[in-house]
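Participant: Contents of run_14.txt (compact mmCIF, C-alpha atoms):
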# COMPACT_ATOMS: atom_id res chain seq x y z
CA MET A 1 0.00 0.00 0.00
CA LEU A 2 1.41 3.35 -1.05
CA LEU A 3 1.16 6.58 0.85
CA ILE A 4 0.29 9.36 -1.58
CA HIS A 5 0.77 12.93 -0.50
CA CYS A 6 -2.39 14.89 -1.22
CA PRO A 7 -1.38 18.55 -1.64
CA TRP A 8 -4.30 19.49 0.60
CA CYS A 9 -4.83 16.62 3.05
CA GLY A 10 -1.29 15.32 3.47
CA PRO A 11 -0.24 11.68 3.25
CA ARG A 12 -3.11 9.25 2.73
CA GLU A 13 -3.38 5.67 1.62
CA GLU A 14 -3.55 4.78 -2.03
CA VAL A 15 -7.12 3.43 -1.81
CA GLU A 16 -8.44 6.96 -1.34
CA PHE A 17 -7.15 8.05 -4.76
CA ARG A 18 -8.00 7.58 -8.41
CA CYS A 19 -5.66 8.17 -11.28
CA GLY A 20 -7.05 10.57 -13.89
CA GLY A 21 -4.59 9.87 -16.68
CA GLN A 22 -2.05 12.08 -18.33
CA GLY A 23 -1.67 15.57 -16.92
CA HIS A 24 -0.87 18.97 -18.38
CA ILE A 25 -2.96 18.50 -21.52
CA ALA A 26 -3.60 21.96 -22.88
CA ARG A 27 -6.79 22.55 -24.81
CA PRO A 28 -5.91 24.11 -28.17
CA ALA A 29 -6.51 27.84 -28.00
CA ASP A 30 -7.65 27.83 -31.61
CA ALA A 31 -9.99 24.86 -31.19
CA MET A 32 -12.49 26.28 -33.69
CA ASP A 33 -9.91 26.59 -36.43
CA ILE A 34 -7.95 23.36 -36.27
CA SER A 35 -8.81 20.25 -38.27
CA ASP A 36 -10.82 17.36 -36.90
CA ALA A 37 -7.70 15.21 -36.95
CA GLU A 38 -5.79 17.71 -34.87
CA TYR A 39 -8.67 18.06 -32.45
CA ALA A 40 -8.98 14.28 -32.18
CA ARG A 41 -5.28 14.12 -31.38
CA TYR A 42 -5.85 16.53 -28.49
CA LEU A 43 -8.96 14.70 -27.35
CA PHE A 44 -7.94 11.05 -27.60
CA MET A 45 -4.21 10.55 -28.04
CA ARG A 46 -2.24 10.03 -24.83
CA THR A 47 1.36 9.28 -24.08
CA ASN A 48 2.11 5.88 -22.60
CA PRO A 49 5.70 6.09 -21.44
CA LYS A 50 7.73 3.43 -19.71
CA GLY A 51 9.20 5.73 -17.12
CA TRP A 52 8.33 9.09 -15.63
CA HIS A 53 4.83 10.33 -16.36
CA TYR A 54 3.02 13.54 -15.43
CA GLU A 55 -0.45 12.53 -14.30
CA ARG A 56 -3.62 13.93 -12.86
CA TRP A 57 -4.93 12.32 -9.70
CA ASN A 58 -8.09 12.82 -7.70
CA HIS A 59 -8.37 12.40 -3.92
CA VAL A 60 -11.74 10.85 -4.56
CA HIS A 61 -12.45 9.49 -1.07
CA GLY A 62 -10.92 12.47 0.70
CA CYS A 63 -11.16 16.12 -0.20
CA ARG A 64 -12.24 15.25 -3.79
CA ARG A 65 -9.71 17.68 -5.27
CA TRP A 66 -7.65 17.14 -8.39
CA PHE A 67 -3.92 17.46 -8.29
CA ASN A 68 -0.92 16.56 -10.42
CA ALA A 69 1.66 13.89 -9.76
CA LEU A 70 4.94 12.84 -11.27
CA ARG A 71 4.91 9.06 -11.23
CA HIS A 72 7.21 6.37 -12.60
CA THR A 73 5.14 3.85 -14.53
CA VAL A 74 7.53 0.97 -13.84
CA THR A 75 8.50 1.43 -10.21
CA HIS A 76 5.27 3.24 -9.27
CA GLU A 77 7.41 5.77 -7.39
CA ILE A 78 5.60 9.07 -6.98
CA ARG A 79 8.31 11.71 -6.98
CA ALA A 80 6.13 14.77 -6.49
CA THR A 81 2.53 15.86 -6.09
CA TYR A 82 1.48 19.43 -6.64
CA ARG A 83 -1.62 21.55 -7.02
CA PRO A 84 -3.14 22.52 -10.36
CA GLY A 85 -1.58 25.75 -11.52
CA GLU A 86 1.72 25.03 -9.85
CA LYS A 87 4.79 24.62 -11.99
CA LYS A 88 5.54 21.03 -12.88
CA PRO A 89 8.74 19.66 -11.40
CA PRO A 90 11.58 18.62 -13.72
CA LEU A 91 11.93 14.98 -14.66
CA PRO A 92 14.29 13.23 -12.24
CA ASP A 93 16.35 11.63 -15.01
CA GLY A 94 17.16 14.96 -16.66
CA THR A 95 15.15 14.28 -19.83
CA THR A 96 12.26 16.42 -20.89
CA MET B 1 -48.53 18.39 3.70
CA ALA B 2 -44.87 17.57 4.02
CA ASP B 3 -44.96 17.85 7.79
CA ALA B 4 -47.33 14.91 7.99
CA ILE B 5 -44.75 12.50 6.57
CA PRO B 6 -43.03 10.72 9.44
CA ARG B 7 -39.29 11.24 9.45
CA LEU B 8 -37.45 7.96 9.48
CA GLY B 9 -33.92 7.62 10.75
CA ALA B 10 -31.41 5.64 8.73
CA LEU B 11 -31.04 3.01 11.46
CA ASP B 12 -34.57 2.99 12.89
CA HIS B 13 -35.18 -0.52 11.55
CA LEU B 14 -32.44 -1.91 13.80
CA GLY B 15 -34.38 -1.08 16.94
CA LEU B 16 -31.39 0.51 18.64
CA ALA B 17 -33.44 2.38 21.20
CA ALA B 18 -34.63 -0.88 22.72
CA ARG B 19 -31.04 -2.14 23.01
CA ALA B 20 -29.63 1.11 24.36
CA THR B 21 -28.10 1.17 27.78
CA ALA B 22 -26.98 4.07 29.92
CA GLU B 23 -24.27 1.93 31.46
CA PRO B 24 -22.00 0.22 28.90
CA GLY B 25 -20.29 -1.74 31.66
CA ALA B 26 -17.42 -3.90 30.50
CA ALA B 27 -18.09 -3.45 26.80
CA GLY B 28 -15.07 -2.19 24.89
CA VAL B 29 -16.94 -0.48 22.06
CA TRP B 30 -19.91 1.79 22.58
CA LEU B 31 -22.00 2.51 19.51
CA GLY B 32 -24.78 5.04 19.14
CA GLU B 33 -26.57 7.08 16.55
CA ARG B 34 -27.21 10.80 16.58
CA ARG B 35 -30.23 11.14 14.35
CA PHE B 36 -31.07 14.09 12.14
CA LEU B 37 -28.18 16.36 13.08
CA ALA B 38 -28.32 19.45 10.89
CA LYS B 39 -25.62 19.26 8.22
CA ILE B 40 -24.92 22.13 5.89
CA ASN B 41 -22.30 22.23 3.20
CA LEU B 42 -20.53 25.58 2.91
CA ARG B 43 -18.29 26.57 0.03
CA GLY B 44 -16.40 29.75 -0.63
CA ASP B 45 -13.01 31.27 -1.22
CA PRO B 46 -10.92 31.29 1.98
CA GLN B 47 -8.75 34.05 0.48
CA ASN B 48 -11.83 36.28 0.45
CA ALA B 49 -11.77 37.94 3.87
CA ALA B 50 -15.30 39.26 3.46
CA PHE B 51 -16.62 35.75 2.85
CA MET B 52 -14.78 34.31 5.83
CA GLN B 53 -16.00 37.10 8.07
CA ALA B 54 -19.61 36.79 6.89
CA ALA B 55 -19.57 33.02 7.39
CA GLY B 56 -18.13 33.33 10.88
CA ALA B 57 -20.67 35.97 11.85
CA ALA B 58 -23.59 33.86 10.58
CA LEU B 59 -22.28 30.85 12.54
CA ASP B 60 -22.30 32.60 15.91
CA GLY B 61 -18.63 33.47 15.67
CA VAL B 62 -17.45 30.01 14.62
CA GLN B 63 -14.85 30.90 12.01
CA PRO B 64 -14.18 28.50 9.10
CA THR B 65 -10.71 27.05 9.46
CA THR B 66 -8.13 26.77 6.71
CA ALA B 67 -6.16 24.16 8.63
CA PRO B 68 -6.65 20.87 6.74
CA ASN B 69 -8.35 17.95 8.48
CA THR B 70 -9.44 19.91 11.51
CA ALA B 71 -12.76 21.02 12.89
CA VAL B 72 -13.73 24.05 14.89
CA ARG B 73 -15.93 22.89 17.71
CA ALA B 74 -18.24 25.20 19.58
CA ALA B 75 -21.15 24.70 21.93
CA ALA B 76 -23.84 24.44 19.27
CA ILE B 77 -21.87 24.05 16.04
CA ASP B 78 -19.13 21.87 14.64
CA LEU B 79 -17.45 23.23 11.55
CA LEU B 80 -15.46 20.56 9.73
CA TRP B 81 -12.83 21.26 7.09
CA LEU B 82 -13.66 19.21 3.98
CA GLY B 83 -11.40 20.85 1.44
CA PRO B 84 -9.55 24.06 0.70
CA ASP B 85 -12.84 25.82 -0.06
CA GLU B 86 -15.40 23.55 1.55
CA TRP B 87 -16.71 23.00 5.07
CA LEU B 88 -19.44 21.01 6.77
CA VAL B 89 -21.54 22.70 9.41
CA VAL B 90 -22.99 20.26 11.94
CA ALA B 91 -25.56 21.60 14.37
CA ALA B 92 -28.49 20.53 16.51
CA ALA B 93 -31.27 18.52 14.90
CA GLY B 94 -34.01 20.68 13.48
CA SER B 95 -31.89 23.80 13.11
CA GLU B 96 -30.95 23.20 9.48
CA ALA B 97 -33.58 25.31 7.71
CA ALA B 98 -33.05 28.46 9.74
CA LEU B 99 -29.28 28.05 9.87
CA ALA B 100 -28.94 27.39 6.14
CA ALA B 101 -31.09 30.40 5.30
CA ARG B 102 -29.11 32.65 7.62
CA LEU B 103 -25.78 31.38 6.32
CA ALA B 104 -26.83 31.62 2.68
CA ALA B 105 -27.99 35.19 3.10
CA ALA B 106 -24.67 36.08 4.72
CA VAL B 107 -22.25 34.46 2.26
CA ALA B 108 -24.09 34.73 -1.06
CA PRO B 109 -22.97 38.35 -1.64
CA HIS B 110 -19.38 37.17 -1.23
CA GLY B 111 -19.53 34.25 -3.68
CA GLY B 112 -20.22 31.57 -1.07
CA THR B 113 -22.71 28.76 -1.55
CA VAL B 114 -24.73 26.90 1.04
CA THR B 115 -26.40 23.53 0.60
CA ASP B 116 -28.54 21.80 3.20
CA VAL B 117 -27.31 18.18 3.17
CA THR B 118 -28.95 17.15 6.43
CA GLU B 119 -30.81 14.20 4.95
CA SER B 120 -27.79 12.79 3.11
CA ARG B 121 -26.02 11.42 6.14
CA THR B 122 -26.60 10.10 9.58
CA THR B 123 -24.13 10.15 12.43
CA ILE B 124 -22.81 7.06 14.17
CA THR B 125 -20.88 7.55 17.38
CA VAL B 126 -18.09 5.16 18.31
CA SER B 127 -16.71 5.41 21.79
CA GLY B 128 -15.36 3.19 24.52
CA PRO B 129 -11.91 1.96 25.54
CA ARG B 130 -11.50 -0.18 22.40
CA ALA B 131 -13.17 2.19 19.92
CA ARG B 132 -9.89 2.80 18.13
CA ASP B 133 -9.21 -0.91 17.72
CA ALA B 134 -12.60 -1.50 16.18
CA LEU B 135 -12.27 1.40 13.76
CA ALA B 136 -8.72 0.44 12.81
CA LYS B 137 -10.03 -2.79 11.32
CA GLY B 138 -11.50 -0.89 8.40
CA CYS B 139 -9.97 2.56 8.31
CA PRO B 140 -6.68 3.63 6.66
CA ILE B 141 -6.44 6.75 8.82
CA ASP B 142 -3.95 6.60 11.69
CA LEU B 143 -6.20 7.11 14.70
CA HIS B 144 -3.43 7.07 17.29
CA PRO B 145 -4.04 9.92 19.75
CA ARG B 146 -0.74 11.52 18.77
CA ARG B 147 -1.83 11.73 15.13
CA PHE B 148 -5.61 12.09 15.33
CA ARG B 149 -6.21 14.58 18.09
CA PRO B 150 -9.41 15.98 19.54
CA GLY B 151 -11.05 18.16 16.92
CA ASP B 152 -9.27 16.46 14.04
CA CYS B 153 -11.46 15.30 11.20
CA ALA B 154 -10.88 13.38 8.00
CA GLN B 155 -12.72 12.16 4.98
CA SER B 156 -11.70 8.63 4.26
CA LEU B 157 -12.92 5.09 3.93
CA LEU B 158 -14.20 2.83 6.67
CA ALA B 159 -14.82 -0.71 5.52
CA ARG B 160 -14.79 0.61 1.93
CA VAL B 161 -17.49 3.16 2.74
CA GLY B 162 -16.80 6.86 2.49
CA VAL B 163 -17.12 8.54 5.88
CA ILE B 164 -16.43 11.89 7.46
CA LEU B 165 -14.64 11.07 10.69
CA LEU B 166 -14.38 13.43 13.66
CA ARG B 167 -12.57 12.97 16.96
CA ALA B 168 -15.34 14.34 19.13
CA ASP B 169 -13.91 14.05 22.64
CA ASP B 170 -11.65 16.60 24.27
CA ALA B 171 -9.17 14.06 25.67
CA THR B 172 -10.20 14.85 29.24
CA GLY B 173 -12.38 11.76 29.56
CA PRO B 174 -11.17 8.21 29.95
CA VAL B 175 -12.19 7.05 26.48
CA PRO B 176 -11.97 8.48 22.96
CA ARG B 177 -15.09 9.30 21.07
CA PHE B 178 -15.51 9.43 17.33
CA GLU B 179 -18.38 10.64 15.18
CA LEU B 180 -18.86 9.11 11.74
CA HIS B 181 -20.98 11.04 9.29
CA VAL B 182 -21.99 8.37 6.80
CA LEU B 183 -24.31 8.41 3.81
CA ARG B 184 -27.61 7.09 5.09
CA SER B 185 -27.88 4.37 2.47
CA MET B 186 -24.58 2.98 3.79
CA ALA B 187 -25.44 3.40 7.47
CA ASP B 188 -26.98 -0.03 7.93
CA TYR B 189 -23.95 -1.75 6.44
CA LEU B 190 -21.53 0.37 8.42
CA TRP B 191 -23.38 -0.23 11.68
CA ARG B 192 -23.25 -3.97 11.11
CA PHE B 193 -19.56 -3.74 10.28
CA LEU B 194 -18.92 -1.87 13.52
CA GLU B 195 -20.87 -4.38 15.57
CA ASP B 196 -18.85 -7.16 13.99
CA ALA B 197 -15.55 -5.30 14.40
CA GLY B 198 -16.31 -4.64 18.05
CA GLN B 199 -17.59 -8.10 18.84
CA GLU B 200 -14.35 -9.37 20.33
CA TYR B 201 -14.19 -6.37 22.69
CA GLY B 202 -17.88 -6.41 23.58
CA VAL B 203 -20.36 -3.97 22.05
CA ALA B 204 -22.82 -1.80 23.92
CA VAL B 205 -25.46 0.36 22.27
CA VAL B 206 -25.60 3.67 24.07
CA GLU B 207 -28.40 6.17 24.19
CA SER B 208 -28.91 8.18 21.05
CA GLU B 209 -28.39 11.58 22.53
CA ASP B 210 -29.22 15.00 21.22
CA ARG B 211 -26.71 17.75 21.57
CA SER B 212 -29.23 20.30 22.74
CA GLN B 213 -30.06 18.11 25.71
CA GLY B 214 -26.44 17.59 26.65
CA SER B 215 -24.97 14.25 27.50
CA GLY B 216 -22.61 12.69 29.94
CA ILE B 217 -20.54 10.94 27.30
CA ARG B 218 -20.13 13.79 24.88
Since I need it in another form, could you write the structure as structure tokens?

Facilitator:
Amino acid sequence: MLLIHCPWCGPREEVEFRCGGQGHIARPADAMDISDAEYARYLFMRTNPKGWHYERWNHVHGCRRWFNALRHTVTHEIRATYRPGEKKPPLPDGTT
Amino acid sequence: MADAIPRLGALDHLGLAARATAEPGAAGVWLGERRFLAKINLRGDPQNAAFMQAAGAALDGVQPTTAPNTAVRAAAIDLLWLGPDEWLVVAAAGSEAALAARLAAAVAPHGGTVTDVTESRTTITVSGPRARDALAKGCPIDLHPRRFRPGDCAQSLLARVGVILLRADDATGPVPRFELHVLRSMADYLWRFLEDAGQEYGVAVVESEDRSQGSGIR
């Protein structure tokens, strides 16, 4: 059982959380002008890295707030959690 | 007329009143229900001083806290932190309509919202010398008195059911006391879980007390 640090509630057990998929997906500012294919790419296409991954999580059984996490998809290590709007931390392995 | 509809408690079918005892004796876990406590959800921006001030004034001076997982406890009102912009007001049964109206009038001009959620949950009290042991069987929160102090609250899971948990004693008595605000459709299940969890320590059903009448075990 992992302890996940909710940016609002502090450390809580993993069962209280739900993963909300890839984080930091920006809605295209020119959504009305881009092609359907480009919009579909924004809407449906997600990264699936083997390694560090920026994700959105929800403290669904706690304060019910969304936050962001930097998680390793192999080791399941959660390096950082931070509130929406806060700057995302750099990747631990130096890549971007 | 709505008033003619009898109001049923979430656990009335269990016949708790008939089992209730004023003297729990050697039982390790004391369970009770506080029916119909007024519960009002309050939301607003804690950075907005005018909102915070208006809310505090409408709640008889009970100021919403920004300290996570804590409650402000006053004579007639508990104010539980639920999130960075959300609180739960718990007050005496029957006070919800007037309190919600007063609170809404006070905070609406400052962007606050008020929702009467009285009927959504009922309140199960867990007390007694082994209360912590019984709760620990289903709850991921660390309830050790060093970590979960009087006035601390948390939203978490108990036996897979979402609960709002409050440490409701002031640490002056011999036993801890917890209040669980649980969705009423889950209350039957949770009560049975607690009876089962407490079985090895002995379970006593204690009087369902109302705050306005005061109580020896509060």

Participant: Identify all chain A residues at most 9 Å from chain B by counting only C-alpha atoms; ligands do not count. Present them as a PyMOL selection string.

Facilitator: chain A and resi 8-10+12-13+15-16+61-65

Participant: Counting all atoms listed in the file, what is within 9 Å of Leu135 in chain B, bar same-chain residues fewer than 5 positions away, as a ChimeraX atom specification?

Facilitator: /B:126,130,143,158-159,194,197-198

Participant: Grab the CA of Leu59 in chain B to CA of Leu103 in chain B distance for me, in Å with one decimal place.

Facilitator: 7.2 Å

Participant: Provide the CA of Glu23 in chain B to CA of Ser127 in chain B distance in Å, to one decimal place.

Facilitator: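 A separation of 12.8 Å between them.
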
Participant: Taking into account all atoms listed in the file, which residue in the set B:Ala101, B:Arg184, B:Leu11, B:Pro150 is nearest to Val72 in chain B?

Facilitator: B:Pro150

Participant: Please, what distance in Å, to one decimal, runs between CA of Arg27 in chain A and CA of Glu55 in chain A?

Facilitator: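 That distance, rounded to one decimal, is 15.8 Å.
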
Participant: Which residues come within 8 Å of Trp57 in chain A, counting all atoms listed in the file, excluding same-chain residues fewer than 5 positions away, as a list in words?

Facilitator: Phe17, Arg18, Cys19, Gly20, Gly21, Trp66, Phe67, Asn68 and Ala69 of chain A

Participant: What's the 10 Å shell around Pro89 in chain A, counting all atoms listed in the file, without same-chain residues fewer than 6 positions away, as a list in words?

Facilitator: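 What passes the distance filter is Tyr54, Ala69, Leu70, Arg79, Ala80, Thr81 and Tyr82 of chain A.
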
Participant: Got a sec: who's within 6 Å of Ile77 in chain B, counting only C-alpha atoms, leaving out chain neighbours fewer than 2 positions off, as a list in words?

Facilitator: Ala74, Ala75, Val90 and Ala91 of chain B

Participant: Excluding Phe36 in chain B and residues on its chain fewer than 4 positions from it, collect all residues at most 7 Å away from it, counting only C-alpha atoms, and give them as a PyMOL selection string.

Facilitator: chain B and resi 93+118+122

Participant: Taking N, CA, C and O atoms as the atom set, what does range 2-28 of chain A look like once completed, written as a compact mmCIF listing (two decimals), in the coordinates of the input?

Facilitator:
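New file part-v2.txt:
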# COMPACT_ATOMS: atom_id res chain seq x y z
N LEU A 2 0.63 2.11 -0.96
CA LEU A 2 1.41 3.35 -1.05
C LEU A 2 0.79 4.44 -0.21
O LEU A 2 -0.42 4.50 -0.04
N LEU A 3 1.64 5.33 0.29
CA LEU A 3 1.16 6.58 0.85
C LEU A 3 1.33 7.64 -0.23
O LEU A 3 2.42 7.84 -0.76
N ILE A 4 0.24 8.30 -0.58
CA ILE A 4 0.29 9.36 -1.58
C ILE A 4 0.05 10.68 -0.86
O ILE A 4 -0.86 10.79 -0.02
N HIS A 5 0.87 11.65 -1.19
CA HIS A 5 0.77 12.93 -0.50
C HIS A 5 -0.23 13.84 -1.22
O HIS A 5 0.08 14.40 -2.27
N CYS A 6 -1.41 13.96 -0.67
CA CYS A 6 -2.39 14.89 -1.22
C CYS A 6 -1.92 16.32 -0.91
O CYS A 6 -1.60 16.61 0.23
N PRO A 7 -1.87 17.20 -1.91
CA PRO A 7 -1.38 18.55 -1.64
C PRO A 7 -2.24 19.32 -0.63
O PRO A 7 -1.82 20.33 -0.12
N TRP A 8 -3.45 18.81 -0.37
CA TRP A 8 -4.30 19.49 0.60
C TRP A 8 -4.41 18.72 1.91
O TRP A 8 -4.39 19.31 2.98
N CYS A 9 -4.56 17.40 1.84
CA CYS A 9 -4.83 16.62 3.05
C CYS A 9 -3.58 16.01 3.67
O CYS A 9 -3.63 15.54 4.79
N GLY A 10 -2.49 15.99 2.95
CA GLY A 10 -1.29 15.32 3.47
C GLY A 10 -1.27 13.86 3.06
O GLY A 10 -2.02 13.43 2.19
N PRO A 11 -0.40 13.07 3.68
CA PRO A 11 -0.24 11.68 3.25
C PRO A 11 -1.48 10.83 3.56
O PRO A 11 -1.97 10.83 4.69
N ARG A 12 -1.96 10.16 2.55
CA ARG A 12 -3.11 9.25 2.73
C ARG A 12 -2.84 7.98 1.95
O ARG A 12 -2.02 7.95 1.04
N GLU A 13 -3.61 6.94 2.28
CA GLU A 13 -3.38 5.67 1.62
C GLU A 13 -3.90 5.68 0.19
O GLU A 13 -4.85 6.38 -0.16
N GLU A 14 -3.28 4.85 -0.60
CA GLU A 14 -3.55 4.78 -2.03
C GLU A 14 -5.02 4.55 -2.36
O GLU A 14 -5.54 5.04 -3.36
N VAL A 15 -5.73 3.78 -1.50
CA VAL A 15 -7.12 3.43 -1.81
C VAL A 15 -8.02 4.65 -1.89
O VAL A 15 -9.11 4.57 -2.45
N GLU A 16 -7.59 5.76 -1.31
CA GLU A 16 -8.44 6.96 -1.34
C GLU A 16 -8.34 7.71 -2.66
O GLU A 16 -9.06 8.67 -2.88
N PHE A 17 -7.45 7.27 -3.55
CA PHE A 17 -7.15 8.05 -4.76
C PHE A 17 -7.59 7.32 -6.03
O PHE A 17 -7.72 6.10 -6.06
N ARG A 18 -7.80 8.11 -7.08
CA ARG A 18 -8.00 7.58 -8.41
C ARG A 18 -7.07 8.31 -9.36
O ARG A 18 -6.91 9.52 -9.26
N CYS A 19 -6.50 7.56 -10.27
CA CYS A 19 -5.66 8.17 -11.28
C CYS A 19 -6.54 8.72 -12.40
O CYS A 19 -7.48 8.05 -12.86
N GLY A 20 -6.25 9.94 -12.83
CA GLY A 20 -7.05 10.57 -13.89
C GLY A 20 -6.34 10.68 -15.21
O GLY A 20 -6.73 11.48 -16.06
N GLY A 21 -5.27 9.88 -15.40
CA GLY A 21 -4.59 9.87 -16.68
C GLY A 21 -3.58 10.99 -16.83
O GLY A 21 -3.24 11.69 -15.88
N GLN A 22 -3.12 11.13 -18.03
CA GLN A 22 -2.05 12.08 -18.33
C GLN A 22 -2.41 13.51 -17.91
O GLN A 22 -3.55 13.95 -18.10
N GLY A 23 -1.45 14.21 -17.37
CA GLY A 23 -1.67 15.57 -16.92
C GLY A 23 -1.12 16.59 -17.90
O GLY A 23 -0.47 16.24 -18.89
N HIS A 24 -1.40 17.84 -17.61
CA HIS A 24 -0.87 18.97 -18.38
C HIS A 24 -1.25 18.91 -19.86
O HIS A 24 -0.44 19.17 -20.73
N ILE A 25 -2.47 18.49 -20.14
CA ILE A 25 -2.96 18.50 -21.52
C ILE A 25 -3.63 19.85 -21.76
O ILE A 25 -4.64 20.16 -21.13
N ALA A 26 -3.07 20.62 -22.63
CA ALA A 26 -3.60 21.96 -22.88
C ALA A 26 -4.62 21.90 -24.01
O ALA A 26 -4.37 21.34 -25.07
N ARG A 27 -5.78 22.48 -23.77
CA ARG A 27 -6.79 22.55 -24.81
C ARG A 27 -6.30 23.55 -25.87
O ARG A 27 -5.83 24.63 -25.52
N PRO A 28 -6.40 23.18 -27.14
CA PRO A 28 -5.91 24.11 -28.17
C PRO A 28 -6.65 25.44 -28.09
O PRO A 28 -7.88 25.47 -28.00
